[in-house]
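Visitor: Got a structure for you, questions after.
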Amino acid sequence: MHIIANLDNKITAGDVDIYISNFLSYGIIREVEAKLLKVATSDNVLTVPGDIRDELRANIFKNMLLNIVD
């Protein structure tokens with residue numbers, strides 16, 4: 001998927017929320033998948049130092065999207 005390849009190597013929780021909202025609007029993902037993406041990339045789960053949190057979030061988000069969207 002083109003959008004996945006173009007995601008930055010670092011992404012904020014707010015940016016993830018925007019992507020998820022857009023993916024829902026365009027029917028790329030369903031509500032259940034959106035909830036899983038949001039939970040897996042939230043600051044509550046990513047309890048690592050701030051300097052690597054956004055990089056880890058981007059890696060998780062990209063990999064989850066690759067497995068959700070064919």
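Naming works like this for the structure tokens: A, B, ... for the chains as they're shown, residue 1 at the start of each chain, ligands 1 onward in shown order.
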Applying 12 Å and only C-alpha atoms, which residues near A:Ala5 remain after dropping the ones on its own chain fewer than 2 positions away? List them as a PyMOL selection string.

Guide: chain A and resi 1-3+7-9+58-59+61-63+65-66

Visitor: Once you have the residues from the selection above, write them out as a short mmCIF file (atom, residue, chain, number, x, y, z; two decimals), in the first residue's frame, restricted to C-alpha atoms.

Guide:
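The resulting again08.cif:
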data_model
loop_
_atom_site.label_atom_id
_atom_site.label_comp_id
_atom_site.auth_asym_id
_atom_site.auth_seq_id
_atom_site.Cartn_x
_atom_site.Cartn_y
_atom_site.Cartn_z
CA MET A 1 0.00 0.00 0.00
CA HIS A 2 1.42 3.34 -1.10
CA ILE A 3 0.45 5.24 2.05
CA LEU A 7 4.67 7.14 6.39
CA ASP A 8 7.45 8.83 8.32
CA ASN A 9 9.81 6.83 10.53
CA ALA A 58 5.51 4.25 13.51
CA ASN A 59 6.97 0.74 13.29
CA PHE A 61 1.46 1.20 13.01
CA LYS A 62 3.08 0.32 9.68
CA ASN A 63 3.36 -3.37 10.49
CA LEU A 65 -1.48 -1.85 8.58
CA LEU A 66 0.50 -4.22 6.38
#

Visitor: As a PyMOL selection string, please: every residue in chain A that a backbone DSSP assignment puts in helix (DSSP H, G or I).

Guide: chain A and resi 2-5+13-25+31-40+50-68

Visitor: For stretch 38-53 of chain A, please output as a ChimeraX atom specification all residues within 12 Å (counting only C-alpha atoms; exclusion window: fewer than 2 positions along the same chain).

Guide: /A:9-21,31-36,55-65
